[in-house]
Structure formats: structure tokens, C-alpha cells
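**Student:** I am attaching a structure below and will ask some questions about it afterwards.
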Amino acid sequence: MDSQPAKGAVPVAVLEGITKTFPQPGGGRVEVLRGIDLTVESGTLTAIVGPSGSGKSTLLHVLGLMAKPDGGRLTVLGKEVGGLTERERDALRRQAINFLFQFDSLLEELTMEENWTLAAGLKTRSGEPADSPFQALDLAARLGLSGALRRFPRELSSGERTRANLVRALLGRPAMILADEPTGNLDPKNAKQVAQELMELLSESKNNGLARPGIVLATHNWQLAAQAQAIYRLEEGRLVAVDAGAQAL
Ligand code: ADP
Ligand code: MG
């Protein structure tokens, strides 16, 4: 696996010295993020690994403009987030960021065509140029899912299902996709497949002339993380770069 950021990558988000604390029930505050420096590059899969409670979700919430840091500097698409009004911040989030908190975001009672066109419609809330239903189906086709349109989610193979979720995450052409424990309920084989699909998705996006999002993946699964181009361990509130080679599995 190529351990360098993708060629022509541009910074999508830059975190400098980000700190985040939470009040504790007995008084005082717990410092969850203690000075995070991280650059998320376009077209690059970045994995954040750490045990439960280490602050992975907190970091993704900050990156996703859903939680305000206590200190440090966060820049998304060249805009310093601390200097934005709440309204501007919400607009930036809707324009630039998609979330993949649960990998399975498909509605079981709808066909894939209905799932995708519905998701495309949801993005129009932002008032920004959104994907039309036609564009949503075009995206599915480019990712090899034309044959799945009339089927229901339960009729897809696990690989197709993974790709179907990724189509949904790509709607609205986000600059950044944040995936929080996407493989929580998958067996190791399928979990590894998810990571491979994410990587393939990035290269296919490139080949198909699509915008290439930066993807940040929070996981406690090393096998999944090992697929990423950049891997960090979240330890005592700080990120420690991990050499992908050293984590051979
Ligand atoms: P992870 O995703 O790695 O499991 P989290 O980011 O969810 O870790 O949580 C990190 C720590 O922050 C935990 O100790 C958790 O209890 C605490 N925490 C997270 N969110 C809140 C909150 N809203 N209020 C208080 N404590 C929180
Ligand atoms: Mg979490």
C-alpha cells in the first residue's frame, strides 16, 4: 500500500493544537484531546485508531464542525472555523462534509434507486448546488452498481452493500467524509473488505474524474486501519503516527 498522500492532494482540513475537554460528573473537566495536529488531504484515507473512550468520536465531531474545540485552530477548505458565525459554520459543514457514522444507512423498505434519490434530495437543504436524482444514479453507475437499482438492500451482496453506502456518502460531492467505527458489527473478513472498498473508491473517483474526498476513518480495528495511507494512534489525547509497515498483520 502506498503510504504517501495521494498525488495532487490538497489539504481539506487542518487541525493545529486542538484541545477539547468535557465536564466530569464529580466536578472538574476531563481533557479528551490534548493538542491534536492533523492535516486531512483530499483523495487520502486517514485512519485514527484507539481503544474505546480514547476520543476518536470527539475528534471526528470537532473535524465535522459538530463540536467546538476548547483551543487550537481548525481550518476547513481554507476557512478558519473559529472566525465563522454559527450560520457560516453550518453552511460549510453541509457544503463540505458527509458523515458515515453507521455504515449501514440504507432504508430496508426502499429499493436502491429510491434510497439514492432520497439521499440526493436530502442534500438540497444546504441551498448549495446539490446532486439531482439523476446525478445520484449516475454516481451509482460509475461505481458499478447499475444492476442494483431495482433491488432492495437485503438483496445485495455484502460488497455491493458497502459500495451502496459509499455512493450515499459521496452524494453532494463532499470534500471530506468522516466514518466513525464503520465496521462495528461486521466480521473481520467483511471489515477488511470495507477498507479495501474505501481505497478503491478513492482511486475510482480519480479515474472517473470525480472530486476526491479526504476520508477519515475512526476505528479500533487494526486490520481496517492498515489499509489507510496515513495511520495515527490516539493516545492520551494526542495523535501518534504509526508506520503502516510496522503494523503488518
Ligand atoms: P471513542 O470514540 O474513542 O470511544 P469518545 O470520543 O466517544 O471516545 O469519548 C472520549 C471520552 O470523552 C470518554 O471518556 C467519554 O466519556 C468522554 N465524552 C465524550 N463525549 C462526552 C460528552 N458529551 N460529555 C462528557 N463526556 C464526554
Ligand atoms: Mg466512538
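FYI, nothing fancy with the C-alpha cells labels: chains A, B, ... in order, residues from 1 per chain, ligands from 1 as they appear.
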Excluding same-chain residues fewer than 4 positions from range 86-99 of chain A, what lies within 7 Å of it counting only C-alpha atoms, as a PyMOL selection string?

**Tutor:** chain A and resi 64-65+81+126+128+169+174-179

**Student:** Write the residues of the selection above to a file with N, CA and C atoms, as a PDB file, in the first residue's frame.

**Tutor:**
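What follows is the written file out01.pdb:
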ATOM      1  N   GLY A  64     -15.844  17.464  12.071  1.00  0.00           N
ATOM      2  CA  GLY A  64     -17.109  17.580  11.347  1.00  0.00           C
ATOM      3  C   GLY A  64     -17.892  18.828  11.715  1.00  0.00           C
ATOM      4  N   LEU A  65     -17.275  19.733  12.472  1.00  0.00           N
ATOM      5  CA  LEU A  65     -17.893  21.011  12.879  1.00  0.00           C
ATOM      6  C   LEU A  65     -19.171  20.788  13.685  1.00  0.00           C
ATOM      7  N   VAL A  81     -12.266  28.061  11.057  1.00  0.00           N
ATOM      8  CA  VAL A  81     -13.615  27.817  11.565  1.00  0.00           C
ATOM      9  C   VAL A  81     -13.941  28.694  12.766  1.00  0.00           C
ATOM     10  N   SER A 126     -29.080  22.382   1.951  1.00  0.00           N
ATOM     11  CA  SER A 126     -27.994  23.347   2.108  1.00  0.00           C
ATOM     12  C   SER A 126     -28.180  24.585   1.252  1.00  0.00           C
ATOM     13  N   GLU A 128     -26.980  24.803  -1.457  1.00  0.00           N
ATOM     14  CA  GLU A 128     -25.824  24.754  -2.362  1.00  0.00           C
ATOM     15  C   GLU A 128     -26.215  23.877  -3.552  1.00  0.00           C
ATOM     16  N   ALA A 169     -22.562   8.267   0.725  1.00  0.00           N
ATOM     17  CA  ALA A 169     -21.617   9.186   1.369  1.00  0.00           C
ATOM     18  C   ALA A 169     -21.030  10.189   0.381  1.00  0.00           C
ATOM     19  N   PRO A 174     -18.853  15.686  -1.256  1.00  0.00           N
ATOM     20  CA  PRO A 174     -18.188  16.298  -0.098  1.00  0.00           C
ATOM     21  C   PRO A 174     -16.680  16.338  -0.279  1.00  0.00           C
ATOM     22  N   ALA A 175     -16.054  17.339   0.312  1.00  0.00           N
ATOM     23  CA  ALA A 175     -14.592  17.411   0.303  1.00  0.00           C
ATOM     24  C   ALA A 175     -14.014  16.445   1.340  1.00  0.00           C
ATOM     25  N   MET A 176     -14.854  16.100   2.332  1.00  0.00           N
ATOM     26  CA  MET A 176     -14.367  15.231   3.416  1.00  0.00           C
ATOM     27  C   MET A 176     -15.490  14.291   3.849  1.00  0.00           C
ATOM     28  N   ILE A 177     -15.128  13.025   4.062  1.00  0.00           N
ATOM     29  CA  ILE A 177     -16.076  12.040   4.589  1.00  0.00           C
ATOM     30  C   ILE A 177     -15.529  11.535   5.919  1.00  0.00           C
ATOM     31  N   LEU A 178     -16.376  11.570   6.943  1.00  0.00           N
ATOM     32  CA  LEU A 178     -15.953  11.135   8.269  1.00  0.00           C
ATOM     33  C   LEU A 178     -16.684   9.849   8.627  1.00  0.00           C
ATOM     34  N   ALA A 179     -15.935   8.785   8.840  1.00  0.00           N
ATOM     35  CA  ALA A 179     -16.518   7.470   9.114  1.00  0.00           C
ATOM     36  C   ALA A 179     -16.156   7.041  10.528  1.00  0.00           C
TER      37      ALA A 179
END

**Student:** Residues up to 7 Å from ligand 2, counting only C-alpha atoms and all ligand atoms: could you list those as a PyMOL selection string?

**Tutor:** chain A and resi 52-53+55-57+180-181

**Student:** To test your reading of the structure, identify every residue in range 6-232 of chain A that backbone DSSP assigns to helix (DSSP H, G or I), and report it as a PyMOL selection string.

**Tutor:** chain A and resi 56-63+81-83+86-96+112-126+133-142+146-148+153-155+158-170+188-207+222-225

**Student:** Nearest to ligand 1: which of A:Arg168, A:His61, A:Arg161, A:Lys68 is it, counting only C-alpha atoms and all ligand atoms?

**Tutor:**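 Once distances to ligand 1 are computed over only C-alpha atoms and all ligand atoms, the minimum belongs to A:His61.
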
**Student:** Rank A:Leu143, A:Val240, A:Ala13, A:Leu234 by their smallest atom-to-atom distance to ligand 1, using only C-alpha atoms and all ligand atoms, and report the top residue only.

**Tutor:**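 Comparing A:Leu143, A:Val240, A:Ala13, A:Leu234 against ligand 1, the winner is A:Leu234.
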
**Student:** From the set A:Val49, A:Leu110, A:Ile18, A:Leu198, which residue has the shortest atom-to-atom contact distance to ligand 1, counting only C-alpha atoms and all ligand atoms?

**Tutor:**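 Nearest to ligand 1: A:Val49.
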
**Student:** Using only C-alpha atoms and all ligand atoms, which of A:Glu200, A:Glu41, A:Asp243, A:Glu235 sits nearest ligand 1?

**Tutor:** A:Glu235

**Student:** Identify which of the residues A:Thr58, A:Ser146, A:Asn221, A:Thr111 lies closest to Phe22 in chain A, counting only C-alpha atoms when measuring atom-to-atom distances.

**Tutor:**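 Smallest separation from Phe22 in chain A among the options: A:Thr58.
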
**Student:** Rank A:Gly17, A:Gly78, A:Pro182, A:Gly121 by their smallest atom-to-atom distance to Asn165 in chain A, using only C-alpha atoms, and report the top residue only.

**Tutor:** A:Pro182

**Student:** Quick one: everything within 12 Å of Phe152 in chain A, counting only C-alpha atoms, minus sequence neighbours fewer than 6 positions away in the same chain. Send it as a list in words.

**Tutor:** Leu106, Leu107, Glu108, Glu109, Leu110, Thr111, Met112, Glu113, Glu114, Asn115, Trp116, Glu160, Arg161 and Ala164 of chain A

**Student:** Could you turn the residues from that selection into a file that holds C-alpha atoms, as a compact mmCIF listing (two decimals), in the first residue's frame?

**Tutor:**
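Written out: again.txt:
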# COMPACT_ATOMS: atom_id res chain seq x y z
CA LEU A 106 -29.83 2.19 3.76
CA LEU A 107 -33.57 2.10 4.30
CA GLU A 108 -34.62 -1.53 4.02
CA GLU A 109 -38.12 -0.90 2.67
CA LEU A 110 -36.88 1.17 -0.29
CA THR A 111 -35.19 -0.03 -3.47
CA MET A 112 -31.65 1.13 -4.07
CA GLU A 113 -32.88 3.64 -6.63
CA GLU A 114 -35.26 5.08 -4.05
CA ASN A 115 -32.57 5.08 -1.38
CA TRP A 116 -30.17 7.05 -3.53
CA GLU A 160 -22.50 -4.30 -3.05
CA ARG A 161 -23.98 -3.07 0.19
CA ALA A 164 -24.08 1.34 -1.94

**Student:** Could you pull out all residues of range 14-235 of chain A with a DSSP call of strand (DSSP E) and give them as an MDAnalysis selection string?

**Tutor:** chainID A and resid 14:23 29:41 45:49 71:76 79:80 97:100 176:180 214:219 230:235

**Student:** Identify, on the basis of only C-alpha atoms, every residue whose closest approach to Val14 in chain A does not exceed 9 Å; exclude the query and any residue fewer than 2 positions from it along the same chain; express the result as a list in words.

**Tutor:**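 Those residues are Pro11, Val12, Glu16, Asp37, Leu38, Thr39, Val40, Glu41, Leu63, Arg73, Leu74, Thr75, Val76, Leu77 and Gly78 of chain A.
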